[in-house]
Amino acid sequence: IGAVVAYMGADLLATFGVSVFTVELVGVSVRREFGALITAIMLAGRSDSAFTASIGSMKMQQEIDAMRVLGLAPFEVLVLPRVIALVLMAPLLTSAAMLSGLFG
């Protein structure tokens, strides 16, 4: 995305004669907006759908009912650790997305 923004920005800024600001455009846009947006899309598209499929499969195979019989709360065992992991890793993944965009 950083390379695409650089290409499109350079073309647009060249029409105004200020193509020297292409680097600043990429740096600011990736750090402010695109890093967090890329991370949110990746987390929603990959991790959240995998979590949903896993829990749905467990529901169909009655593994969640077996957890209740054992006295375990399914929310605390299945959902809470995954949400905590996402909350802890989201800032790190955002930083990685920002660095990747800047290197691009």
# chains A, B, ... in the order shown; residues from 1 in each chain; ligands from 1
$ select_by_dssp --residues "chain A" --states "alpha helix (DSSP H)" --output "PDB file with N, CA and C atoms, in the first residue's frame"
ATOM      1  N   GLY A   2       2.021   1.172   0.688  1.00  0.00           N
ATOM      2  CA  GLY A   2       2.924   2.311   0.681  1.00  0.00           C
ATOM      3  C   GLY A   2       3.427   2.631  -0.712  1.00  0.00           C
ATOM      4  N   ALA A   3       3.743   1.588  -1.494  1.00  0.00           N
ATOM      5  CA  ALA A   3       4.220   1.803  -2.856  1.00  0.00           C
ATOM      6  C   ALA A   3       3.112   2.375  -3.742  1.00  0.00           C
ATOM      7  N   VAL A   4       1.900   1.914  -3.557  1.00  0.00           N
ATOM      8  CA  VAL A   4       0.778   2.413  -4.355  1.00  0.00           C
ATOM      9  C   VAL A   4       0.501   3.877  -4.030  1.00  0.00           C
ATOM     10  N   VAL A   5       0.519   4.213  -2.739  1.00  0.00           N
ATOM     11  CA  VAL A   5       0.313   5.608  -2.351  1.00  0.00           C
ATOM     12  C   VAL A   5       1.427   6.481  -2.909  1.00  0.00           C
ATOM     13  N   ALA A   6       2.653   5.981  -2.882  1.00  0.00           N
ATOM     14  CA  ALA A   6       3.776   6.753  -3.425  1.00  0.00           C
ATOM     15  C   ALA A   6       3.611   6.985  -4.921  1.00  0.00           C
ATOM     16  N   TYR A   7       3.223   5.952  -5.648  1.00  0.00           N
ATOM     17  CA  TYR A   7       3.054   6.093  -7.101  1.00  0.00           C
ATOM     18  C   TYR A   7       1.927   7.066  -7.432  1.00  0.00           C
ATOM     19  N   MET A   8       0.777   6.886  -6.796  1.00  0.00           N
ATOM     20  CA  MET A   8      -0.364   7.758  -7.074  1.00  0.00           C
ATOM     21  C   MET A   8      -0.112   9.176  -6.582  1.00  0.00           C
ATOM     22  N   GLY A   9       0.532   9.280  -5.421  1.00  0.00           N
ATOM     23  CA  GLY A   9       0.820  10.607  -4.881  1.00  0.00           C
ATOM     24  C   GLY A   9       1.822  11.365  -5.718  1.00  0.00           C
ATOM     25  N   ALA A  10       2.845  10.668  -6.220  1.00  0.00           N
ATOM     26  CA  ALA A  10       3.842  11.327  -7.053  1.00  0.00           C
ATOM     27  C   ALA A  10       3.210  11.848  -8.336  1.00  0.00           C
ATOM     28  N   ASP A  11       2.325  11.068  -8.910  1.00  0.00           N
ATOM     29  CA  ASP A  11       1.649  11.488 -10.133  1.00  0.00           C
ATOM     30  C   ASP A  11       0.762  12.706  -9.876  1.00  0.00           C
ATOM     31  N   LEU A  12       0.035  12.676  -8.782  1.00  0.00           N
ATOM     32  CA  LEU A  12      -0.861  13.788  -8.463  1.00  0.00           C
ATOM     33  C   LEU A  12      -0.080  15.034  -8.069  1.00  0.00           C
ATOM     34  N   LEU A  13       0.943  14.861  -7.250  1.00  0.00           N
ATOM     35  CA  LEU A  13       1.730  16.021  -6.814  1.00  0.00           C
ATOM     36  C   LEU A  13       2.546  16.623  -7.950  1.00  0.00           C
ATOM     37  N   ALA A  14       2.900  15.818  -8.954  1.00  0.00           N
ATOM     38  CA  ALA A  14       3.655  16.336 -10.102  1.00  0.00           C
ATOM     39  C   ALA A  14       2.827  17.334 -10.903  1.00  0.00           C
ATOM     40  N   THR A  15       1.513  17.155 -10.920  1.00  0.00           N
ATOM     41  CA  THR A  15       0.658  18.099 -11.648  1.00  0.00           C
ATOM     42  C   THR A  15       0.688  19.486 -11.006  1.00  0.00           C
ATOM     43  N   PHE A  16       0.957  19.539  -9.703  1.00  0.00           N
ATOM     44  CA  PHE A  16       1.043  20.822  -8.999  1.00  0.00           C
ATOM     45  C   PHE A  16       2.483  21.314  -8.865  1.00  0.00           C
ATOM     46  N   THR A  22       6.373  13.797  -2.001  1.00  0.00           N
ATOM     47  CA  THR A  22       5.852  12.434  -2.108  1.00  0.00           C
ATOM     48  C   THR A  22       6.234  11.598  -0.893  1.00  0.00           C
ATOM     49  N   VAL A  23       7.453  11.732  -0.445  1.00  0.00           N
ATOM     50  CA  VAL A  23       7.914  10.950   0.709  1.00  0.00           C
ATOM     51  C   VAL A  23       7.130  11.329   1.959  1.00  0.00           C
ATOM     52  N   GLU A  24       6.912  12.621   2.154  1.00  0.00           N
ATOM     53  CA  GLU A  24       6.139  13.063   3.314  1.00  0.00           C
ATOM     54  C   GLU A  24       4.697  12.569   3.230  1.00  0.00           C
ATOM     55  N   LEU A  25       4.137  12.565   2.025  1.00  0.00           N
ATOM     56  CA  LEU A  25       2.773  12.073   1.833  1.00  0.00           C
ATOM     57  C   LEU A  25       2.658  10.616   2.246  1.00  0.00           C
ATOM     58  N   VAL A  26       3.592   9.797   1.805  1.00  0.00           N
ATOM     59  CA  VAL A  26       3.565   8.376   2.141  1.00  0.00           C
ATOM     60  C   VAL A  26       3.778   8.182   3.630  1.00  0.00           C
ATOM     61  N   GLY A  27       4.747   8.864   4.192  1.00  0.00           N
ATOM     62  CA  GLY A  27       5.044   8.704   5.613  1.00  0.00           C
ATOM     63  C   GLY A  27       3.878   9.083   6.505  1.00  0.00           C
ATOM     64  N   VAL A  28       3.286  10.213   6.232  1.00  0.00           N
ATOM     65  CA  VAL A  28       2.176  10.677   7.067  1.00  0.00           C
ATOM     66  C   VAL A  28       0.948   9.804   6.884  1.00  0.00           C
ATOM     67  N   SER A  29       0.624   9.460   5.654  1.00  0.00           N
ATOM     68  CA  SER A  29      -0.596   8.679   5.422  1.00  0.00           C
ATOM     69  C   SER A  29      -0.483   7.268   5.988  1.00  0.00           C
ATOM     70  N   GLY A  35      -1.758   2.234   8.466  1.00  0.00           N
ATOM     71  CA  GLY A  35      -1.242   1.194   9.359  1.00  0.00           C
ATOM     72  C   GLY A  35      -2.334   0.574  10.201  1.00  0.00           C
ATOM     73  N   ALA A  36      -3.139   1.417  10.828  1.00  0.00           N
ATOM     74  CA  ALA A  36      -4.236   0.915  11.654  1.00  0.00           C
ATOM     75  C   ALA A  36      -5.329   0.270  10.798  1.00  0.00           C
ATOM     76  N   LEU A  37      -5.576   0.827   9.635  1.00  0.00           N
ATOM     77  CA  LEU A  37      -6.605   0.271   8.757  1.00  0.00           C
ATOM     78  C   LEU A  37      -6.219  -1.106   8.234  1.00  0.00           C
ATOM     79  N   ILE A  38      -4.969  -1.263   7.834  1.00  0.00           N
ATOM     80  CA  ILE A  38      -4.500  -2.565   7.350  1.00  0.00           C
ATOM     81  C   ILE A  38      -4.586  -3.603   8.456  1.00  0.00           C
ATOM     82  N   THR A  39      -4.180  -3.219   9.662  1.00  0.00           N
ATOM     83  CA  THR A  39      -4.232  -4.148  10.787  1.00  0.00           C
ATOM     84  C   THR A  39      -5.665  -4.556  11.098  1.00  0.00           C
ATOM     85  N   ALA A  40      -6.570  -3.612  11.109  1.00  0.00           N
ATOM     86  CA  ALA A  40      -7.972  -3.927  11.408  1.00  0.00           C
ATOM     87  C   ALA A  40      -8.565  -4.857  10.353  1.00  0.00           C
ATOM     88  N   ILE A  41      -8.258  -4.623   9.098  1.00  0.00           N
ATOM     89  CA  ILE A  41      -8.776  -5.476   8.032  1.00  0.00           C
ATOM     90  C   ILE A  41      -8.209  -6.883   8.150  1.00  0.00           C
ATOM     91  N   MET A  42      -6.929  -6.987   8.424  1.00  0.00           N
ATOM     92  CA  MET A  42      -6.305  -8.307   8.554  1.00  0.00           C
ATOM     93  C   MET A  42      -6.845  -9.067   9.760  1.00  0.00           C
ATOM     94  N   SER A  49     -12.628 -14.461  11.638  1.00  0.00           N
ATOM     95  CA  SER A  49     -13.366 -15.505  10.926  1.00  0.00           C
ATOM     96  C   SER A  49     -12.877 -16.895  11.323  1.00  0.00           C
ATOM     97  N   ALA A  50     -11.577 -17.031  11.598  1.00  0.00           N
ATOM     98  CA  ALA A  50     -11.057 -18.321  12.060  1.00  0.00           C
ATOM     99  C   ALA A  50     -11.596 -18.664  13.439  1.00  0.00           C
ATOM    100  N   PHE A  51     -11.700 -17.666  14.309  1.00  0.00           N
ATOM    101  CA  PHE A  51     -12.269 -17.894  15.634  1.00  0.00           C
ATOM    102  C   PHE A  51     -13.723 -18.330  15.529  1.00  0.00           C
ATOM    103  N   THR A  52     -14.456 -17.666  14.684  1.00  0.00           N
ATOM    104  CA  THR A  52     -15.867 -17.991  14.512  1.00  0.00           C
ATOM    105  C   THR A  52     -16.041 -19.396  13.954  1.00  0.00           C
ATOM    106  N   ALA A  53     -15.248 -19.767  12.985  1.00  0.00           N
ATOM    107  CA  ALA A  53     -15.338 -21.110  12.407  1.00  0.00           C
ATOM    108  C   ALA A  53     -14.970 -22.174  13.435  1.00  0.00           C
ATOM    109  N   SER A  54     -13.964 -21.900  14.234  1.00  0.00           N
ATOM    110  CA  SER A  54     -13.542 -22.863  15.250  1.00  0.00           C
ATOM    111  C   SER A  54     -14.625 -23.070  16.304  1.00  0.00           C
ATOM    112  N   ILE A  55     -15.192 -21.984  16.777  1.00  0.00           N
ATOM    113  CA  ILE A  55     -16.241 -22.089  17.797  1.00  0.00           C
ATOM    114  C   ILE A  55     -17.496 -22.711  17.206  1.00  0.00           C
ATOM    115  N   GLY A  56     -17.822 -22.394  15.954  1.00  0.00           N
ATOM    116  CA  GLY A  56     -18.972 -23.007  15.299  1.00  0.00           C
ATOM    117  C   GLY A  56     -18.796 -24.505  15.127  1.00  0.00           C
ATOM    118  N   SER A  57     -17.595 -24.926  14.783  1.00  0.00           N
ATOM    119  CA  SER A  57     -17.312 -26.354  14.657  1.00  0.00           C
ATOM    120  C   SER A  57     -17.435 -27.061  16.003  1.00  0.00           C
ATOM    121  N   MET A  58     -16.963 -26.402  17.050  1.00  0.00           N
ATOM    122  CA  MET A  58     -17.081 -26.988  18.386  1.00  0.00           C
ATOM    123  C   MET A  58     -18.547 -27.092  18.816  1.00  0.00           C
ATOM    124  N   LYS A  59     -19.349 -26.124  18.416  1.00  0.00           N
ATOM    125  CA  LYS A  59     -20.774 -26.157  18.750  1.00  0.00           C
ATOM    126  C   LYS A  59     -21.463 -27.322  18.042  1.00  0.00           C
ATOM    127  N   MET A  60     -21.102 -27.548  16.780  1.00  0.00           N
ATOM    128  CA  MET A  60     -21.731 -28.631  16.031  1.00  0.00           C
ATOM    129  C   MET A  60     -21.339 -30.005  16.577  1.00  0.00           C
ATOM    130  N   GLU A  63     -18.931 -30.023  21.604  1.00  0.00           N
ATOM    131  CA  GLU A  63     -17.819 -29.843  22.531  1.00  0.00           C
ATOM    132  C   GLU A  63     -18.122 -28.749  23.538  1.00  0.00           C
ATOM    133  N   ILE A  64     -18.901 -27.764  23.147  1.00  0.00           N
ATOM    134  CA  ILE A  64     -19.275 -26.691  24.070  1.00  0.00           C
ATOM    135  C   ILE A  64     -20.210 -27.230  25.143  1.00  0.00           C
ATOM    136  N   ASP A  65     -21.121 -28.116  24.750  1.00  0.00           N
ATOM    137  CA  ASP A  65     -21.990 -28.750  25.747  1.00  0.00           C
ATOM    138  C   ASP A  65     -21.173 -29.590  26.722  1.00  0.00           C
ATOM    139  N   ALA A  66     -20.141 -30.248  26.233  1.00  0.00           N
ATOM    140  CA  ALA A  66     -19.276 -31.042  27.103  1.00  0.00           C
ATOM    141  C   ALA A  66     -18.525 -30.146  28.087  1.00  0.00           C
ATOM    142  N   MET A  67     -18.157 -28.961  27.653  1.00  0.00           N
ATOM    143  CA  MET A  67     -17.500 -28.015  28.568  1.00  0.00           C
ATOM    144  C   MET A  67     -18.444 -27.595  29.688  1.00  0.00           C
ATOM    145  N   ARG A  68     -19.688 -27.352  29.320  1.00  0.00           N
ATOM    146  CA  ARG A  68     -20.672 -26.985  30.351  1.00  0.00           C
ATOM    147  C   ARG A  68     -20.876 -28.111  31.350  1.00  0.00           C
ATOM    148  N   VAL A  69     -20.887 -29.347  30.863  1.00  0.00           N
ATOM    149  CA  VAL A  69     -21.042 -30.503  31.759  1.00  0.00           C
ATOM    150  C   VAL A  69     -19.851 -30.598  32.714  1.00  0.00           C
ATOM    151  N   LEU A  70     -18.668 -30.274  32.242  1.00  0.00           N
ATOM    152  CA  LEU A  70     -17.482 -30.301  33.085  1.00  0.00           C
ATOM    153  C   LEU A  70     -17.417 -29.137  34.068  1.00  0.00           C
ATOM    154  N   PRO A  74     -17.964 -21.680  28.776  1.00  0.00           N
ATOM    155  CA  PRO A  74     -17.420 -21.607  27.414  1.00  0.00           C
ATOM    156  C   PRO A  74     -16.904 -20.218  27.041  1.00  0.00           C
ATOM    157  N   LEU A  80     -12.724 -15.359  25.804  1.00  0.00           N
ATOM    158  CA  LEU A  80     -11.924 -14.394  26.553  1.00  0.00           C
ATOM    159  C   LEU A  80     -10.425 -14.454  26.237  1.00  0.00           C
ATOM    160  N   PRO A  81      -9.781 -15.623  26.189  1.00  0.00           N
ATOM    161  CA  PRO A  81      -8.353 -15.626  25.846  1.00  0.00           C
ATOM    162  C   PRO A  81      -8.060 -15.092  24.441  1.00  0.00           C
ATOM    163  N   ARG A  82      -8.941 -15.346  23.517  1.00  0.00           N
ATOM    164  CA  ARG A  82      -8.734 -14.873  22.148  1.00  0.00           C
ATOM    165  C   ARG A  82      -8.904 -13.366  22.049  1.00  0.00           C
ATOM    166  N   VAL A  83      -9.865 -12.833  22.768  1.00  0.00           N
ATOM    167  CA  VAL A  83     -10.065 -11.381  22.758  1.00  0.00           C
ATOM    168  C   VAL A  83      -8.889 -10.689  23.436  1.00  0.00           C
ATOM    169  N   ILE A  84      -8.422 -11.227  24.539  1.00  0.00           N
ATOM    170  CA  ILE A  84      -7.262 -10.642  25.223  1.00  0.00           C
ATOM    171  C   ILE A  84      -6.035 -10.683  24.315  1.00  0.00           C
ATOM    172  N   ALA A  85      -5.834 -11.786  23.612  1.00  0.00           N
ATOM    173  CA  ALA A  85      -4.696 -11.886  22.690  1.00  0.00           C
ATOM    174  C   ALA A  85      -4.799 -10.855  21.565  1.00  0.00           C
ATOM    175  N   LEU A  86      -6.000 -10.651  21.031  1.00  0.00           N
ATOM    176  CA  LEU A  86      -6.172  -9.656  19.970  1.00  0.00           C
ATOM    177  C   LEU A  86      -5.909  -8.248  20.484  1.00  0.00           C
ATOM    178  N   VAL A  87      -6.380  -7.953  21.693  1.00  0.00           N
ATOM    179  CA  VAL A  87      -6.178  -6.618  22.255  1.00  0.00           C
ATOM    180  C   VAL A  87      -4.690  -6.360  22.519  1.00  0.00           C
ATOM    181  N   LEU A  88      -3.983  -7.379  22.982  1.00  0.00           N
ATOM    182  CA  LEU A  88      -2.560  -7.206  23.257  1.00  0.00           C
ATOM    183  C   LEU A  88      -1.717  -7.128  21.984  1.00  0.00           C
ATOM    184  N   MET A  89      -2.098  -7.844  20.960  1.00  0.00           N
ATOM    185  CA  MET A  89      -1.293  -7.896  19.741  1.00  0.00           C
ATOM    186  C   MET A  89      -1.636  -6.814  18.720  1.00  0.00           C
ATOM    187  N   ALA A  90      -2.795  -6.206  18.820  1.00  0.00           N
ATOM    188  CA  ALA A  90      -3.191  -5.193  17.839  1.00  0.00           C
ATOM    189  C   ALA A  90      -2.204  -4.026  17.752  1.00  0.00           C
ATOM    190  N   PRO A  91      -1.722  -3.459  18.862  1.00  0.00           N
ATOM    191  CA  PRO A  91      -0.734  -2.373  18.720  1.00  0.00           C
ATOM    192  C   PRO A  91       0.576  -2.828  18.079  1.00  0.00           C
ATOM    193  N   LEU A  92       1.021  -4.046  18.396  1.00  0.00           N
ATOM    194  CA  LEU A  92       2.251  -4.545  17.782  1.00  0.00           C
ATOM    195  C   LEU A  92       2.067  -4.774  16.286  1.00  0.00           C
ATOM    196  N   LEU A  93       0.930  -5.318  15.918  1.00  0.00           N
ATOM    197  CA  LEU A  93       0.658  -5.535  14.495  1.00  0.00           C
ATOM    198  C   LEU A  93       0.489  -4.214  13.755  1.00  0.00           C
ATOM    199  N   THR A  94      -0.072  -3.214  14.429  1.00  0.00           N
ATOM    200  CA  THR A  94      -0.196  -1.898  13.813  1.00  0.00           C
ATOM    201  C   THR A  94       1.176  -1.296  13.556  1.00  0.00           C
ATOM    202  N   SER A  95       2.069  -1.448  14.516  1.00  0.00           N
ATOM    203  CA  SER A  95       3.440  -0.950  14.327  1.00  0.00           C
ATOM    204  C   SER A  95       4.124  -1.673  13.170  1.00  0.00           C
ATOM    205  N   ALA A  96       3.938  -2.977  13.087  1.00  0.00           N
ATOM    206  CA  ALA A  96       4.531  -3.739  11.987  1.00  0.00           C
ATOM    207  C   ALA A  96       3.946  -3.308  10.645  1.00  0.00           C
ATOM    208  N   ALA A  97       2.653  -3.026  10.606  1.00  0.00           N
ATOM    209  CA  ALA A  97       2.029  -2.570   9.361  1.00  0.00           C
ATOM    210  C   ALA A  97       2.551  -1.195   8.968  1.00  0.00           C
ATOM    211  N   MET A  98       2.772  -0.332   9.946  1.00  0.00           N
ATOM    212  CA  MET A  98       3.329   0.986   9.646  1.00  0.00           C
ATOM    213  C   MET A  98       4.739   0.877   9.080  1.00  0.00           C
ATOM    214  N   LEU A  99       5.558   0.045   9.685  1.00  0.00           N
ATOM    215  CA  LEU A  99       6.919  -0.134   9.197  1.00  0.00           C
ATOM    216  C   LEU A  99       6.936  -0.747   7.795  1.00  0.00           C
ATOM    217  N   SER A 100       6.059  -1.708   7.563  1.00  0.00           N
ATOM    218  CA  SER A 100       5.983  -2.327   6.235  1.00  0.00           C
ATOM    219  C   SER A 100       5.563  -1.318   5.185  1.00  0.00           C
ATOM    220  N   GLY A 101       4.601  -0.477   5.527  1.00  0.00           N
ATOM    221  CA  GLY A 101       4.163   0.554   4.588  1.00  0.00           C
ATOM    222  C   GLY A 101       5.244   1.564   4.292  1.00  0.00           C
ATOM    223  N   LEU A 102       6.020   1.925   5.317  1.00  0.00           N
ATOM    224  CA  LEU A 102       7.099   2.889   5.093  1.00  0.00           C
ATOM    225  C   LEU A 102       8.220   2.294   4.262  1.00  0.00           C
ATOM    226  N   PHE A 103       8.542   1.018   4.491  1.00  0.00           N
ATOM    227  CA  PHE A 103       9.577   0.368   3.699  1.00  0.00           C
ATOM    228  C   PHE A 103       9.130   0.188   2.246  1.00  0.00           C
TER     229      PHE A 103
END
$ atom_distance --atom1 "CA of Gln62 (chain A)" --atom2 "CA of Val79 (chain A)"
16.4 Å
$ closest_residue --among "A:Ile1, A:Asp48, A:Gly17, A:Gln61" --to "Glu33 (chain A)" --atoms "only C-alpha atoms"
A:Ile1
$ atom_distance --atom1 "CA of Arg46 (chain A)" --atom2 "CA of Arg32 (chain A)"
22.7 Å
